[in-house]
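Novice: Below you will find the structure I want to go over with you.
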Amino acid sequence: MEIVRSQRKTPAADVVPTLPTYRSAPPLEVRLEDFELFAIDRLRVLKGISDGLSRGKKPEEMEKLVRDLWKANMRHPQTSEVVNKDIISHFVLRLVYCRTEDLRKWFLSMETSLFRYRFRLESSEAQRALMAEFDLPCKAVSNTEFETVKEKLVQVARSISPQFSTGDAIFFKVPFEEVPELVSSRRVFIRKGHAYVAMNQVVSLLVTQFRSHLSKALALTNRKWTSNIREREKDRLTPVVEALCSSYLGPDYSQPKEFAEISIKDIDQVANSSFPLCMHHLFEKLREDHHLKHGGRLQLGLFLKGVGLKLDDALAFWKAEFSQKVGAERFDKEYAYTIRHSYGREGKRTDYTPYSCQKIISSTPGVGDHHGCPYRHFSEDNLRAALAKMGVSTRAVEDVMDKVRNRHYQLACTLTFEAVHVSSCDAGINHPNQYFIESQKILQSKNHSTE
């Protein structure tokens with residue numbers, strides 16, 4: 001691409017952007033453990049972006065968030081392998097997210113956002129090198145043409161950025177349909193079917209090209225996956241690929257790490273103060289009905305284990321409730337084994353892990369069940385009543401309901417946490433046991449400050 005304004009510098013021939021175009025998969029050999037680990041690291045970045053966008057972060061906040069997420073998750077111990085990790089993880093997640101329309105839509109949106117913010121973080125020379133790689137349908141505006149439209153360009157540019165200066169501005173002519181987001185938001189001058197795009201707006205054109213290519217590539221990957229790859233790799237890659245999109249990426253709460261023990265005498269108090277809505281609802285129903293079905297027993301029981309309820313106390317707690325309905329003898333015969341089993345004391349001695357938000361949200365409670373995620377599975381009236389009972393203000397309830405309507409269930413839970421505790425939770429809620437720990441930290445901090 002030729003820049004005809006003589007005072008501008010063209011990119012050096014040896015400038016290599018750190019941001020790949022992802023046009024084709026390179027012939028790299030990947031160990032199976034790296035296949036999964038690289039994908040999980042990139043998934044942490046994409047989910048962090050999703051959470052940031054859902055929370056309405058501003059563009060400059062998103063730039064910082066993307067930079068921090070990338071640095072924390074995508075830096076390889078061996079610097080020379082950073083680019084390979086980037087490319088490998090992208091193509092692995094194509095396999096993971098090509099399989100349904102909803103998965104493709106989410107991946108396309110998050111990868112496009114990641115590309116947008118990473119492009120902005122590149123040097124100007126690297127940005128121009130990327131523009132050349134994409135072979136964009138645009139041409140530089142000549143000095144003569146620039147003078148004829150200069151007044152209009154400056155007027156539009158200064159309506160967006162009052163600090164705009166023509167001294168170092170470079171403009172390109174682009175068919176207006178190539179930059180729909182600039183046209184729809186009236187951030188570009190249009191003349192005779194062409195949009196006049198400033199250098200700092202070229203990202204919009206690049207993003208349109210990137211999104212179009214990735215959308216087609218995902219459809220093609222899906223056809224290849226369903227036609228031969230899935231069956232051919234059913235014993236090796238298929239289980240990994242099909243599990244990745246619902247993987248929980250946070251800490252393991254199978255053993256309590258903080259506030260390491262709660263006793264039966266404390267359980268009602270901490271349930272009211274520090275249980276998330278899903279567990280608070282199960283706890284209340286257990287107290288009311290003296291019974292929970294299997295799904296509810298597992299969801300609540302593993303959560304209580306994770307927050308520090310010892311096995312002997314757990315047996316005593318469940319027996320005290322269930323015996324009121326089924327009798328002590330039947331409890332010992334039919335229910336006690338399952339509780340011991342969840343603590344790794346029976347059967348295979350597996351140390352079972354408390355359920356993550358992802359697993360709870362994806363569950364399908366039936367009639368008479370009380371497990372699952374209230375933000376997803378409650379009716380609007382029931383959810384509003386439950387939130388009000390937790391002390392969530394009317395205004396905060398509306399914010400929560402807005403997130404629920406857009407299916408941002410974990411963000412709805414995060415907003416509930418912030419409303420109840422009058423404290424921010426920038427990391428977002430991803431696990432009921434995380435909710436409990438963060439709640440206890442805040443409450444204990446407040447207790448210490450009043451002593």
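Ordering of the structure tokens sets the chain letters (A, B, ...); residue numbers start at 1 within each chain; ligands are numbered from 1 in the order shown.
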Skip range 270-283 of chain A itself and residues of its chain fewer than 4 positions away, then list as a count of residues only all residues within 9 Å of it, counting only C-alpha atoms.
Specialist: 33
Novice: Near Gln255 in chain A, within 10 Å and counting only C-alpha atoms, which residues show up once chain neighbours fewer than 4 positions away are dropped, as a ChimeraX atom specification?
Specialist: /A:260,305-308,343,351-354
Novice: Can you write just those residues out, C-alpha atoms, as a PDB file, in the first residue's frame?
Specialist:
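What landed in selection-v4.pdb:
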```pdb
ATOM      1  CA  ALA A 260     -10.939 -23.257  56.749  1.00  0.00           C
ATOM      2  CA  LYS A 305     -17.528 -29.294  52.011  1.00  0.00           C
ATOM      3  CA  GLY A 306     -15.579 -26.627  50.115  1.00  0.00           C
ATOM      4  CA  VAL A 307     -16.322 -23.913  52.680  1.00  0.00           C
ATOM      5  CA  GLY A 308     -15.028 -26.103  55.503  1.00  0.00           C
ATOM      6  CA  TYR A 343     -15.876 -36.576  50.949  1.00  0.00           C
ATOM      7  CA  ASP A 351     -12.037 -36.137  46.367  1.00  0.00           C
ATOM      8  CA  TYR A 352     -15.022 -34.516  44.630  1.00  0.00           C
ATOM      9  CA  THR A 353     -14.859 -30.842  43.694  1.00  0.00           C
ATOM     10  CA  PRO A 354     -17.595 -28.279  44.450  1.00  0.00           C
TER      11      PRO A 354
END
```
Novice: Would you list the contacts of Leu220 in chain A as a list in words, taking every protein, DNA or RNA residue within 12 Å and counting only C-alpha atoms, but skipping same-chain residues closer than 5 positions in sequence?
Specialist: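 Surrounding residues, per the criterion: Arg94, Leu95, Cys98, Arg99, Arg104, His213, Leu214, Ser215, Trp225, Thr226 and Ser227 of chain A.
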Novice: Counting only C-alpha atoms, which residue out of A:Phe146, A:Trp318, A:Phe35, A:Phe210 sits closest to Ile87 in chain A?
Specialist: A:Phe35
Novice: Please give the complete set of residues from range 190-375 of chain A that DSSP, run on the backbone, assigns to strand (DSSP E), formatted as a list in words.
Specialist: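 So, restricting range 190-375 of chain A to strand (DSSP E), we get Ile190, Arg191, His194, Ala195, Tyr196, Val197 and Ala198 of chain A.
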Novice: Give me the residues within 10 Å of range 401-406 of chain A as a PyMOL selection string, counting only C-alpha atoms and dropping any in the same chain fewer than 5 places off.
Specialist: chain A and resi 54-55+374-376+380+383-384+396+411-413+415
Novice: Store the residues of this selection in a file with all heavy atoms, as a CSV table (one decimal), in the first residue's frame.
Specialist:
```
chain,number,residue,atom,x,y,z
A,54,SER,N,-19.1,-7.0,29.1
A,54,SER,CA,-20.5,-7.1,29.7
A,54,SER,C,-20.6,-6.0,30.9
A,54,SER,O,-21.7,-5.6,31.1
A,54,SER,CB,-20.7,-8.5,30.3
A,54,SER,OG,-20.6,-9.4,29.3
A,55,ARG,N,-19.5,-5.7,31.5
A,55,ARG,CA,-19.5,-4.7,32.6
A,55,ARG,C,-19.5,-3.3,32.1
A,55,ARG,O,-19.5,-2.3,32.9
A,55,ARG,CB,-18.4,-5.0,33.5
A,55,ARG,CG,-18.5,-6.3,34.3
A,55,ARG,CD,-17.3,-6.6,35.1
A,55,ARG,NE,-17.2,-5.7,36.3
A,55,ARG,CZ,-17.7,-6.0,37.5
A,55,ARG,NH1,-18.4,-7.1,37.7
A,55,ARG,NH2,-17.6,-5.2,38.5
A,374,PRO,N,-30.3,-19.8,40.0
A,374,PRO,CA,-31.5,-18.9,40.0
A,374,PRO,C,-31.6,-17.9,38.9
A,374,PRO,O,-32.6,-17.6,38.4
A,374,PRO,CB,-31.4,-18.3,41.4
A,374,PRO,CG,-30.5,-19.2,42.2
A,374,PRO,CD,-29.5,-19.8,41.2
A,375,TYR,N,-30.4,-17.3,38.6
A,375,TYR,CA,-30.4,-16.3,37.5
A,375,TYR,C,-30.8,-16.8,36.2
A,375,TYR,O,-31.4,-16.1,35.4
A,375,TYR,CB,-29.0,-15.6,37.4
A,375,TYR,CG,-28.6,-15.0,38.7
A,375,TYR,CD1,-27.8,-15.7,39.6
A,375,TYR,CD2,-29.1,-13.8,39.2
A,375,TYR,CE1,-27.4,-15.2,40.8
A,375,TYR,CE2,-28.7,-13.2,40.4
A,375,TYR,CZ,-27.8,-13.9,41.2
A,375,TYR,OH,-27.5,-13.4,42.4
A,376,ARG,N,-30.6,-18.1,36.0
A,376,ARG,CA,-31.0,-18.7,34.7
A,376,ARG,C,-32.4,-19.5,34.9
A,376,ARG,O,-33.2,-19.4,34.0
A,376,ARG,CB,-30.0,-19.7,34.2
A,376,ARG,CG,-30.4,-20.4,32.9
A,376,ARG,CD,-29.5,-21.5,32.4
A,376,ARG,NE,-30.1,-22.1,31.2
A,376,ARG,CZ,-29.7,-23.2,30.7
A,376,ARG,NH1,-28.7,-23.9,31.2
A,376,ARG,NH2,-30.2,-23.6,29.6
A,380,GLU,N,-38.9,-14.5,36.4
A,380,GLU,CA,-38.5,-13.1,36.8
A,380,GLU,C,-39.1,-12.7,38.1
A,380,GLU,O,-38.4,-12.1,38.9
A,380,GLU,CB,-39.0,-12.2,35.7
A,380,GLU,CG,-38.6,-10.7,36.0
A,380,GLU,CD,-38.8,-9.8,34.8
A,380,GLU,OE1,-38.8,-10.2,33.6
A,380,GLU,OE2,-39.1,-8.6,35.1
A,383,LEU,N,-37.2,-14.5,40.9
A,383,LEU,CA,-35.8,-13.9,41.1
A,383,LEU,C,-35.9,-12.6,41.7
A,383,LEU,O,-35.1,-12.3,42.6
A,383,LEU,CB,-35.2,-13.8,39.7
A,383,LEU,CG,-33.7,-13.3,39.7
A,383,LEU,CD1,-32.8,-14.1,40.6
A,383,LEU,CD2,-33.1,-13.3,38.3
A,384,ARG,N,-36.8,-11.7,41.4
A,384,ARG,CA,-36.9,-10.4,42.0
A,384,ARG,C,-37.2,-10.5,43.5
A,384,ARG,O,-36.6,-9.8,44.3
A,384,ARG,CB,-38.1,-9.6,41.3
A,384,ARG,CG,-37.7,-9.1,40.0
A,384,ARG,CD,-38.9,-8.3,39.4
A,384,ARG,NE,-38.6,-7.7,38.1
A,384,ARG,CZ,-38.0,-6.6,37.8
A,384,ARG,NH1,-37.6,-5.8,38.9
A,384,ARG,NH2,-37.8,-6.2,36.6
A,396,ALA,N,-30.6,-1.8,42.1
A,396,ALA,CA,-29.6,-2.8,41.8
A,396,ALA,C,-30.3,-4.0,41.2
A,396,ALA,O,-29.7,-4.7,40.3
A,396,ALA,CB,-28.8,-3.2,43.0
A,411,LEU,N,-22.4,-12.5,35.7
A,411,LEU,CA,-22.3,-11.1,35.9
A,411,LEU,C,-23.5,-10.6,36.8
A,411,LEU,O,-23.3,-9.7,37.6
A,411,LEU,CB,-22.3,-10.3,34.6
A,411,LEU,CG,-22.0,-8.8,34.7
A,411,LEU,CD1,-20.8,-8.5,35.5
A,411,LEU,CD2,-21.9,-8.2,33.3
A,412,ALA,N,-24.6,-11.2,36.6
A,412,ALA,CA,-25.8,-10.9,37.4
A,412,ALA,C,-25.5,-11.3,38.9
A,412,ALA,O,-25.8,-10.5,39.8
A,412,ALA,CB,-27.0,-11.6,36.9
A,413,CYS,N,-24.8,-12.4,39.1
A,413,CYS,CA,-24.4,-12.8,40.4
A,413,CYS,C,-23.4,-11.8,41.0
A,413,CYS,O,-23.4,-11.5,42.2
A,413,CYS,CB,-23.9,-14.2,40.4
A,413,CYS,SG,-23.5,-14.9,42.0
A,415,LEU,N,-23.1,-8.6,40.3
A,415,LEU,CA,-23.8,-7.4,40.7
A,415,LEU,C,-24.5,-7.6,42.0
A,415,LEU,O,-24.6,-6.7,42.8
A,415,LEU,CB,-24.7,-7.0,39.6
A,415,LEU,CG,-24.1,-6.5,38.2
A,415,LEU,CD1,-25.2,-6.1,37.2
A,415,LEU,CD2,-23.1,-5.4,38.5
```
Novice: Skip Gly193 in chain A itself and residues of its chain fewer than 2 positions away, then list as a list in words all residues within 9 Å of it, counting only C-alpha atoms.
Specialist: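 What passes the distance filter is Val174, Pro175, Phe176, Glu177, Ile190, Arg191 and Ala195 of chain A.
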Novice: Save out the residues we just selected, C-alpha atoms, as an mmCIF file, in the first residue's frame.
Specialist:
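Result file is again.cif:
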```
data_model
loop_
_atom_site.group_PDB
_atom_site.id
_atom_site.type_symbol
_atom_site.label_atom_id
_atom_site.label_comp_id
_atom_site.auth_asym_id
_atom_site.auth_seq_id
_atom_site.Cartn_x
_atom_site.Cartn_y
_atom_site.Cartn_z
ATOM 1 C CA VAL A 174 -12.423 2.966 1.390
ATOM 2 C CA PRO A 175 -15.741 1.755 -0.096
ATOM 3 C CA PHE A 176 -18.172 2.870 2.619
ATOM 4 C CA GLU A 177 -19.663 -0.616 3.046
ATOM 5 C CA ILE A 190 -18.424 9.907 3.067
ATOM 6 C CA ARG A 191 -18.163 11.261 -0.487
ATOM 7 C CA ALA A 195 -15.388 6.712 3.337
#
```
Novice: Considering only C-alpha atoms, return as a list in words whatever protein or nucleic-acid residues lie within 12 Å of Asp68 in chain A, sequence-local ones (same chain, fewer than 3 positions apart) excluded.
Specialist: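 Close residues of Asp68 in chain A: Arg44, Val45, Gly48, Ile49, Glu61, Met62, Glu63, Lys64, Leu65, Lys71, Ala72, Asn73, Met74, Arg75, Tyr117, Arg118 and Leu121 of chain A.
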Novice: Nearest to Leu103 in chain A: which of A:Pro365, A:Lys325, A:Phe134, A:Leu244 is it, counting only C-alpha atoms?
Specialist: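 Using only C-alpha atoms, Leu103 in chain A sits closest to A:Leu244.
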Novice: As a VMD selection string, please: the residues near Glu321 in chain A (cut-off 12 Å, only C-alpha atoms, same-chain neighbours under 4 positions excluded).
Specialist: chain A and resid 283 to 292 297 314 to 317 325 to 328 331 335
Novice: Would you save the residues of that selection, restricted to N, CA and C atoms, as a short mmCIF file (atom, residue, chain, number, x, y, z; two decimals), in the first residue's frame?
Specialist:
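As written to disk, selection.cif reads:
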```cif
data_model
loop_
_atom_site.label_atom_id
_atom_site.label_comp_id
_atom_site.auth_asym_id
_atom_site.auth_seq_id
_atom_site.Cartn_x
_atom_site.Cartn_y
_atom_site.Cartn_z
N PHE A 283 -30.27 -24.03 50.74
CA PHE A 283 -30.22 -24.11 52.19
C PHE A 283 -31.59 -23.83 52.80
N GLU A 284 -32.27 -22.82 52.29
CA GLU A 284 -33.61 -22.48 52.80
C GLU A 284 -34.60 -23.60 52.52
N LYS A 285 -34.55 -24.17 51.33
CA LYS A 285 -35.47 -25.25 50.99
C LYS A 285 -35.21 -26.49 51.85
N LEU A 286 -33.96 -26.75 52.15
CA LEU A 286 -33.64 -27.87 53.03
C LEU A 286 -34.21 -27.64 54.42
N ARG A 287 -34.07 -26.42 54.93
CA ARG A 287 -34.63 -26.09 56.24
C ARG A 287 -36.16 -26.17 56.24
N GLU A 288 -36.78 -25.77 55.13
CA GLU A 288 -38.25 -25.77 55.05
C GLU A 288 -38.81 -27.18 54.87
N ASP A 289 -38.25 -27.94 53.92
CA ASP A 289 -38.82 -29.23 53.53
C ASP A 289 -38.15 -30.42 54.19
N HIS A 290 -36.99 -30.19 54.81
CA HIS A 290 -36.19 -31.26 55.43
C HIS A 290 -35.85 -32.35 54.42
N HIS A 291 -35.67 -31.92 53.17
CA HIS A 291 -35.32 -32.87 52.12
C HIS A 291 -34.87 -32.09 50.88
N LEU A 292 -33.94 -32.67 50.14
CA LEU A 292 -33.57 -32.19 48.81
C LEU A 292 -33.37 -33.39 47.91
N ARG A 297 -28.80 -32.10 46.71
CA ARG A 297 -27.91 -32.58 47.77
C ARG A 297 -26.45 -32.47 47.34
N ALA A 314 -21.02 -32.63 58.68
CA ALA A 314 -21.91 -32.75 57.52
C ALA A 314 -22.93 -33.87 57.74
N LEU A 315 -22.47 -35.01 58.23
CA LEU A 315 -23.39 -36.12 58.51
C LEU A 315 -24.43 -35.72 59.56
N ALA A 316 -23.99 -35.03 60.60
CA ALA A 316 -24.90 -34.58 61.64
C ALA A 316 -25.90 -33.56 61.10
N PHE A 317 -25.42 -32.64 60.27
CA PHE A 317 -26.27 -31.59 59.71
C PHE A 317 -27.36 -32.19 58.82
N LYS A 325 -38.06 -35.96 58.20
CA LYS A 325 -38.99 -36.37 57.15
C LYS A 325 -38.95 -37.87 56.87
N VAL A 326 -37.74 -38.46 56.86
CA VAL A 326 -37.63 -39.87 56.48
C VAL A 326 -37.23 -40.77 57.65
N GLY A 327 -36.88 -40.15 58.78
CA GLY A 327 -36.45 -40.94 59.94
C GLY A 327 -34.96 -41.19 59.94
N ALA A 328 -34.39 -41.36 61.14
CA ALA A 328 -32.94 -41.52 61.28
C ALA A 328 -32.45 -42.82 60.65
N PHE A 331 -32.29 -42.56 56.92
CA PHE A 331 -31.19 -41.68 56.54
C PHE A 331 -29.88 -42.46 56.54
N TYR A 335 -28.91 -42.45 52.69
CA TYR A 335 -28.32 -41.15 52.36
C TYR A 335 -26.90 -40.94 52.89
#
```
